[in-house]
Amino acid sequence: MAKNLQSVRGMRDILPEQSSSWQMIENCARELFNSYGYKELRTPIIEPTELFKRSIGDATDIVEKEMYTFEDRNGDSLTLRPEGTAGCARAAIQHGLLHNQQQRIWYTGPMFRHERPQKGRYRGFYQAGIETYGIATPDIDAEVIAIAARLWSKLGFKNVRLEINSLGSNEAREAYRSVLVDYFSQHQDQLDADSQRRLHKNPLRILDTKNPTMKELVANAPDLLDYLDDESKEHFEGLKERLDKIGIDYQVNSRLVRGIDYYNRTVFEWITDDLGAQGTICAGGRYDGLVKQLGGRETPACGFGIGLDRLQLLVEEQKLDQSRSKPHAYLVMAGKKAELAGLSLAEKLRDNFSNLRLQVNAGSGSFKSQLKRADNSGADYALILGENEVTENTINIKPLRKHLKLSEQQTISQPESVELIGGLIEES
Ligand code: ATP
Ligand code: MG
């Protein structure tokens, strides 16, 4: 027998059992982004490799070791997108969306990074994000953060916290950078191999290390906030003032630098302790230099990316799925006559109730096996059409779960049943 093929390591199948929580999350995010006046931008999954090198930065984990890069048949170097911000900026520049105008954009879709797979970390994963362009003031930083906060409350999340920081202007970061290089150079023996390499290339990234043996060294490093320029300080105060005003709690974490090069001023992460080590569910900030770096005009920008796989794990962990995809009813039909009558009854019910979730038995089967399928479908009710019911133009409605409005099986006329079924849908 031929060997079964398996999916590529770290790439996920989302099985039918999990798809209802995925859909709940995606629908919630989509409606929320639209409600704040953001519009969707869909970009290709494949981009020129150069795009990510120029935007994310050469000395980042993503570009150094995580990208799926390959040559196509023309010998062009292409990469499966590891994140969404670079593609959005590329598209916005290419299509002239940034000329003397503001943009509020959202996106969602699969991303690819060659990392060590573990719970909450995959090689193929999903993100949703927003990007704003052309707005330099902290009001938009606050809006972006507020949108994430509202998503958590809509999904019913408990125990998520917000950490914020400011990286300052490029000049302030340069000043801090040299102080940091001095500090880490004095403690070279305590740096791991990654950090040794970053010491001169990208020392701020050492603060972002996940290596526990370097925790103390990092904790004692000079403080970024002591090097902020006045304008960035004012910007940061403006953000905090707004978060206070709308009642969003936060912690300032001066060690928060984010793993991608393009950030300046505001950076933030939303974190939960309910998912173990992979606790960051959303990360973002301001990246005023990115558009220019990619060849566009100077354009301030701010946004975030959400790890949807982690949201889905949290929905499961906190049992927040409302199982909206289970059918209201499953139609059981005994005999050929009943099958035909059932088919037209089902279509009539669908005409009447556009939000009805009705699953119709297919592939016939004994009465008993059909009822079993009805139960397995998760439906609240079985609608049963046997020969008697067809002859008498009635239908039998059987509750399959406890605590439903209808507690006893009953037979009613088909016209009456339409009304009854309408009432039953409203209940669930
Ligand atoms: P981490 O520190 O966990 O590696 P990151 O800084 O690389 O995250 P970003 O590039 O900022 O992450 O991506 C935004 C969000 O996307 C993360 O906060 C996380 O929720 C999610 N994410 C990133 N990489 C993965 C992955 N490999 N699998 C699942 N989700 C991911
Ligand atoms: Mg990462």
# chains A, B, ... in the order shown; residues from 1 in each chain; ligands from 1
$ select_by_dssp --residues "region 181-386 of chain A" --states "helix (DSSP H, G or I)" --output "VMD selection string"
chain A and resid 181 to 186 188 to 190 193 to 201 203 to 208 212 to 219 224 to 227 230 to 245 290 to 293 308 to 317 336 to 352 367 to 376
$ residues_near_ligand --ligand "ligand 1" --cutoff "7 Å" --atoms "only C-alpha atoms and all ligand atoms" --output "PyMOL selection string"
chain A and resi 83+113+115+120-127+258-260+278+280-284+305-310
$ write_last_selection --atoms "N, CA, C and O atoms" --output "compact mmCIF listing (two decimals), in the first residue's frame"
# COMPACT_ATOMS: atom_id res chain seq x y z
N GLU A 83 5.06 38.01 7.58
CA GLU A 83 4.22 38.95 8.31
C GLU A 83 3.49 39.83 7.30
O GLU A 83 3.74 39.72 6.09
N ARG A 113 6.87 31.09 8.81
CA ARG A 113 8.21 31.28 9.39
C ARG A 113 8.75 29.92 9.78
O ARG A 113 8.05 29.13 10.41
N GLU A 115 10.29 28.18 12.16
CA GLU A 115 10.66 28.20 13.57
C GLU A 115 10.51 26.81 14.14
O GLU A 115 9.99 25.91 13.47
N GLY A 120 1.29 27.06 20.06
CA GLY A 120 1.22 28.50 19.84
C GLY A 120 2.30 29.04 18.92
O GLY A 120 2.39 30.25 18.69
N ARG A 121 3.14 28.15 18.38
CA ARG A 121 4.18 28.59 17.44
C ARG A 121 4.24 27.58 16.31
O ARG A 121 4.55 26.41 16.53
N TYR A 122 3.95 28.01 15.12
CA TYR A 122 3.87 27.09 13.98
C TYR A 122 4.66 27.67 12.82
O TYR A 122 5.05 28.83 12.83
N ARG A 123 4.88 26.83 11.81
CA ARG A 123 5.61 27.33 10.62
C ARG A 123 4.64 27.98 9.64
O ARG A 123 5.01 28.87 8.89
N GLY A 124 3.41 27.50 9.64
CA GLY A 124 2.34 28.17 8.90
C GLY A 124 1.33 28.61 9.92
O GLY A 124 0.81 27.79 10.66
N PHE A 125 1.09 29.91 10.04
CA PHE A 125 0.15 30.39 11.06
C PHE A 125 -0.64 31.55 10.45
O PHE A 125 -0.41 31.94 9.31
N TYR A 126 -1.58 32.06 11.23
CA TYR A 126 -2.46 33.11 10.69
C TYR A 126 -2.35 34.37 11.52
O TYR A 126 -2.27 34.31 12.73
N GLN A 127 -2.35 35.48 10.82
CA GLN A 127 -2.39 36.76 11.52
C GLN A 127 -3.54 37.60 10.98
O GLN A 127 -3.95 37.45 9.83
N ARG A 258 10.57 44.72 20.76
CA ARG A 258 10.02 44.06 19.58
C ARG A 258 11.12 43.53 18.67
O ARG A 258 12.17 44.11 18.56
N GLY A 259 10.81 42.43 17.98
CA GLY A 259 11.82 41.74 17.20
C GLY A 259 12.03 42.24 15.79
O GLY A 259 12.78 41.65 15.03
N ILE A 260 11.37 43.30 15.41
CA ILE A 260 11.46 43.76 14.02
C ILE A 260 12.04 45.17 14.01
O ILE A 260 11.75 45.97 14.89
N GLN A 278 4.18 30.93 24.88
CA GLN A 278 3.77 31.70 23.71
C GLN A 278 2.62 32.65 24.06
O GLN A 278 1.51 32.53 23.57
N THR A 280 2.32 36.09 23.88
CA THR A 280 2.02 37.36 23.20
C THR A 280 0.98 37.12 22.10
O THR A 280 1.25 36.38 21.15
N ILE A 281 -0.19 37.71 22.25
CA ILE A 281 -1.24 37.48 21.26
C ILE A 281 -1.33 38.61 20.24
O ILE A 281 -1.92 38.45 19.18
N CYS A 282 -0.73 39.74 20.57
CA CYS A 282 -0.80 40.88 19.64
C CYS A 282 0.40 41.76 19.89
O CYS A 282 0.79 41.98 21.04
N ALA A 283 1.01 42.23 18.81
CA ALA A 283 2.18 43.08 18.97
C ALA A 283 2.16 44.16 17.89
O ALA A 283 1.73 43.92 16.77
N GLY A 284 2.60 45.34 18.27
CA GLY A 284 2.59 46.40 17.25
C GLY A 284 3.28 47.65 17.72
O GLY A 284 4.01 47.66 18.70
N GLY A 305 -0.12 43.44 14.71
CA GLY A 305 -0.40 42.12 14.15
C GLY A 305 -0.88 41.22 15.29
O GLY A 305 -0.32 41.26 16.39
N ILE A 306 -1.90 40.44 15.00
CA ILE A 306 -2.45 39.53 16.01
C ILE A 306 -2.16 38.10 15.57
O ILE A 306 -2.33 37.77 14.40
N GLY A 307 -1.73 37.26 16.49
CA GLY A 307 -1.54 35.84 16.19
C GLY A 307 -2.86 35.11 16.38
O GLY A 307 -3.27 34.83 17.50
N LEU A 308 -3.54 34.81 15.26
CA LEU A 308 -4.88 34.23 15.37
C LEU A 308 -4.87 32.82 15.95
O LEU A 308 -5.80 32.42 16.64
N ASP A 309 -3.78 32.07 15.67
CA ASP A 309 -3.70 30.71 16.24
C ASP A 309 -3.73 30.79 17.77
O ASP A 309 -4.32 29.95 18.43
N ARG A 310 -3.04 31.82 18.29
CA ARG A 310 -3.01 31.95 19.75
C ARG A 310 -4.36 32.39 20.29
O ARG A 310 -4.76 31.97 21.37
$ atom_distance --atom1 "CA of Ile25 (chain A)" --atom2 "CA of Ile140 (chain A)"
23.6 Å
$ residues_around --residues "Leu224 (chain A)" --least-positions-apart "6" --cutoff "8 Å" --atoms "only C-alpha atoms" --output "PyMOL selection string"
chain A and resi 167+176+254-255
$ select_by_dssp --residues "region 65-307 of chain A" --states "strand (DSSP E)" --output "number ranges by chain"
A: 68-71, 77-80, 103-112, 124-133, 160-166, 251-252, 264-272, 280-286, 301-307
$ closest_residue --among "A:Asp351, A:Glu237, A:Glu26, A:Asp261" --to "Asp288 (chain A)" --atoms "only C-alpha atoms"
A:Asp261
$ residues_around --residues "Gly289 (chain A)" --least-positions-apart "2" --cutoff "9 Å" --atoms "only C-alpha atoms" --output "MDAnalysis selection string"
chainID A and resid 262:264 286:287 291:294 298:301
$ residues_around --residues "Leu314 (chain A)" --least-positions-apart "2" --cutoff "10 Å" --atoms "only C-alpha atoms" --output "tab-separated table (two decimals) with all heavy atoms, in the first residue's frame"
chain	number	residue	atom	x	y	z
A	120	GLY	N	1.29	27.06	20.06
A	120	GLY	CA	1.22	28.50	19.84
A	120	GLY	C	2.30	29.04	18.92
A	120	GLY	O	2.39	30.25	18.69
A	155	LEU	N	-14.54	39.08	22.37
A	155	LEU	CA	-14.33	37.62	22.39
A	155	LEU	C	-14.52	37.05	23.80
A	155	LEU	O	-14.60	35.84	23.97
A	155	LEU	CB	-12.93	37.28	21.89
A	155	LEU	CG	-12.69	37.52	20.40
A	155	LEU	CD1	-11.20	37.39	20.06
A	155	LEU	CD2	-13.50	36.56	19.54
A	157	PHE	N	-12.33	37.54	26.37
A	157	PHE	CA	-11.06	37.16	26.99
A	157	PHE	C	-10.91	37.74	28.39
A	157	PHE	O	-11.26	38.89	28.64
A	157	PHE	CB	-9.87	37.67	26.15
A	157	PHE	CG	-9.63	36.88	24.90
A	157	PHE	CD1	-8.67	37.30	23.99
A	157	PHE	CD2	-10.36	35.73	24.62
A	157	PHE	CE1	-8.44	36.59	22.82
A	157	PHE	CE2	-10.13	35.01	23.46
A	157	PHE	CZ	-9.18	35.45	22.55
A	158	LYS	N	-10.37	36.91	29.26
A	158	LYS	CA	-9.99	37.39	30.59
A	158	LYS	C	-8.47	37.28	30.67
A	158	LYS	O	-7.86	36.55	29.90
A	158	LYS	CB	-10.63	36.50	31.66
A	158	LYS	CG	-12.16	36.55	31.63
A	158	LYS	CD	-12.78	35.51	32.56
A	158	LYS	CE	-12.80	34.12	32.00
A	158	LYS	NZ	-13.79	33.83	30.97
A	272	THR	N	-0.93	37.21	27.44
A	272	THR	CA	-1.72	36.42	28.38
A	272	THR	C	-0.82	35.40	29.06
A	272	THR	O	0.16	34.95	28.46
A	272	THR	CB	-2.89	35.69	27.68
A	272	THR	OG1	-3.50	34.80	28.62
A	272	THR	CG2	-2.41	34.88	26.49
A	274	ASP	N	-2.14	32.59	30.07
A	274	ASP	CA	-2.90	31.33	29.96
A	274	ASP	C	-2.40	30.40	28.85
A	274	ASP	O	-2.97	29.34	28.63
A	274	ASP	CB	-4.39	31.62	29.72
A	274	ASP	CG	-5.05	32.17	30.98
A	274	ASP	OD1	-4.35	32.27	32.01
A	274	ASP	OD2	-6.24	32.51	30.93
A	275	LEU	N	-1.35	30.82	28.10
A	275	LEU	CA	-0.90	29.99	26.98
A	275	LEU	C	0.55	29.53	27.14
A	275	LEU	O	1.19	29.16	26.16
A	275	LEU	CB	-1.05	30.75	25.65
A	275	LEU	CG	-2.46	31.08	25.19
A	275	LEU	CD1	-2.42	31.85	23.88
A	275	LEU	CD2	-3.29	29.81	25.01
A	279	GLY	N	2.89	33.58	24.97
A	279	GLY	CA	1.81	34.37	25.55
A	279	GLY	C	1.49	35.68	24.85
A	279	GLY	O	0.50	36.33	25.18
A	281	ILE	N	-0.19	37.71	22.25
A	281	ILE	CA	-1.24	37.48	21.26
A	281	ILE	C	-1.33	38.61	20.24
A	281	ILE	O	-1.92	38.45	19.18
A	281	ILE	CB	-2.62	37.25	21.93
A	281	ILE	CG1	-2.99	38.41	22.86
A	281	ILE	CG2	-2.62	35.93	22.70
A	281	ILE	CD1	-4.41	38.30	23.41
A	308	LEU	N	-3.54	34.81	15.26
A	308	LEU	CA	-4.88	34.23	15.37
A	308	LEU	C	-4.87	32.82	15.95
A	308	LEU	O	-5.80	32.42	16.64
A	308	LEU	CB	-5.56	34.22	13.99
A	308	LEU	CG	-5.89	35.59	13.40
A	308	LEU	CD1	-6.53	35.44	12.03
A	308	LEU	CD2	-6.82	36.38	14.32
A	309	ASP	N	-3.78	32.07	15.67
A	309	ASP	CA	-3.70	30.71	16.24
A	309	ASP	C	-3.73	30.79	17.77
A	309	ASP	O	-4.32	29.95	18.43
A	309	ASP	CB	-2.41	30.03	15.80
A	309	ASP	CG	-2.26	30.02	14.29
A	309	ASP	OD1	-2.01	31.10	13.72
A	309	ASP	OD2	-2.41	28.96	13.69
A	310	ARG	N	-3.04	31.82	18.29
A	310	ARG	CA	-3.01	31.95	19.75
A	310	ARG	C	-4.36	32.39	20.29
A	310	ARG	O	-4.76	31.97	21.37
A	310	ARG	CB	-1.89	32.91	20.16
A	310	ARG	CG	-0.53	32.34	19.79
A	310	ARG	CD	0.64	33.21	20.22
A	310	ARG	NE	1.87	32.69	19.63
A	310	ARG	CZ	3.05	33.27	19.76
A	310	ARG	NH1	3.17	34.38	20.46
A	310	ARG	NH2	4.11	32.74	19.19
A	311	LEU	N	-5.07	33.24	19.54
A	311	LEU	CA	-6.42	33.61	19.98
A	311	LEU	C	-7.29	32.36	20.04
A	311	LEU	O	-8.08	32.17	20.97
A	311	LEU	CB	-7.08	34.62	19.02
A	311	LEU	CG	-6.48	36.00	18.85
A	311	LEU	CD1	-7.51	36.93	18.23
A	311	LEU	CD2	-5.98	36.57	20.15
A	312	GLN	N	-7.13	31.50	19.03
A	312	GLN	CA	-7.98	30.31	18.99
A	312	GLN	C	-7.66	29.40	20.18
A	312	GLN	O	-8.57	28.84	20.80
A	312	GLN	CB	-7.77	29.58	17.66
A	312	GLN	CG	-8.87	28.57	17.32
A	312	GLN	CD	-8.57	27.18	17.84
A	312	GLN	OE1	-7.41	26.87	18.12
A	312	GLN	NE2	-9.60	26.36	17.99
A	316	GLU	N	-10.26	28.32	23.25
A	316	GLU	CA	-10.44	26.95	23.76
A	316	GLU	C	-10.14	26.89	25.25
A	316	GLU	O	-10.90	26.34	26.04
A	316	GLU	CB	-9.51	25.98	23.03
A	316	GLU	CG	-10.16	25.37	21.82
A	316	GLU	CD	-9.23	24.43	21.07
A	316	GLU	OE1	-8.20	23.99	21.63
A	316	GLU	OE2	-9.53	24.15	19.89
A	317	GLU	N	-9.01	27.49	25.62
A	317	GLU	CA	-8.56	27.48	27.02
A	317	GLU	C	-9.60	28.11	27.94
A	317	GLU	O	-9.89	27.60	29.01
A	317	GLU	CB	-7.24	28.26	27.08
A	317	GLU	CG	-6.59	28.37	28.44
A	317	GLU	CD	-6.03	27.06	28.94
A	317	GLU	OE1	-5.59	26.26	28.11
A	317	GLU	OE2	-6.05	26.86	30.18
A	318	GLN	N	-10.18	29.21	27.50
A	318	GLN	CA	-11.15	29.92	28.34
A	318	GLN	C	-12.60	29.54	28.00
A	318	GLN	O	-13.53	30.18	28.47
A	318	GLN	CB	-10.91	31.44	28.24
A	318	GLN	CG	-9.50	31.85	28.69
A	318	GLN	CD	-9.29	33.36	28.77
A	318	GLN	OE1	-10.13	34.16	28.35
A	318	GLN	NE2	-8.15	33.77	29.31
A	319	LYS	N	-12.75	28.51	27.16
A	319	LYS	CA	-14.08	27.96	26.81
A	319	LYS	C	-15.06	29.05	26.37
A	319	LYS	O	-16.12	29.23	26.96
A	319	LYS	CB	-14.64	27.18	27.99
A	319	LYS	CG	-13.74	26.03	28.41
A	319	LYS	CD	-14.41	25.14	29.43
A	319	LYS	CE	-13.60	23.90	29.73
A	319	LYS	NZ	-12.17	24.11	29.96
A	320	LEU	N	-14.68	29.77	25.33
A	320	LEU	CA	-15.48	30.91	24.91
A	320	LEU	C	-16.23	30.68	23.60
A	320	LEU	O	-16.92	31.56	23.12
A	320	LEU	CB	-14.57	32.14	24.75
A	320	LEU	CG	-13.80	32.53	26.02
A	320	LEU	CD1	-12.75	33.57	25.71
A	320	LEU	CD2	-14.76	33.04	27.08
$ closest_residue --among "A:Cys28, A:Ala2, A:Val63, A:Leu424" --to "ligand 2" --atoms "only C-alpha atoms and all ligand atoms"
A:Val63
$ residues_around --residues "region 180-197 of chain A" --least-positions-apart "3" --cutoff "7 Å" --atoms "only C-alpha atoms" --output "compact mmCIF listing (two decimals) with N, CA and C atoms, in the first residue's frame"
# COMPACT_ATOMS: atom_id res chain seq x y z
N TYR A 176 21.16 55.73 22.58
CA TYR A 176 20.94 54.61 23.51
C TYR A 176 21.74 53.40 23.06
N ARG A 177 21.77 53.20 21.75
CA ARG A 177 22.46 52.07 21.17
C ARG A 177 23.93 52.02 21.59
N HIS A 200 27.00 44.27 17.75
CA HIS A 200 27.30 45.46 16.95
C HIS A 200 26.30 45.68 15.83
N PRO A 203 22.13 45.82 18.65
CA PRO A 203 22.19 45.55 20.10
C PRO A 203 20.85 45.65 20.82
N ILE A 206 19.10 42.50 21.69
CA ILE A 206 19.53 41.67 22.82
C ILE A 206 18.51 41.77 23.96
N ALA A 221 20.60 46.38 32.40
CA ALA A 221 21.09 47.24 31.31
C ALA A 221 20.55 48.66 31.48
N PRO A 222 21.21 49.65 30.88
CA PRO A 222 20.71 51.03 30.95
C PRO A 222 19.28 51.10 30.41
$ residues_around --residues "Cys88 (chain A)" --least-positions-apart "4" --cutoff "8 Å" --atoms "only C-alpha atoms" --output "PyMOL selection string"
chain A and resi 41+43+84+92+131
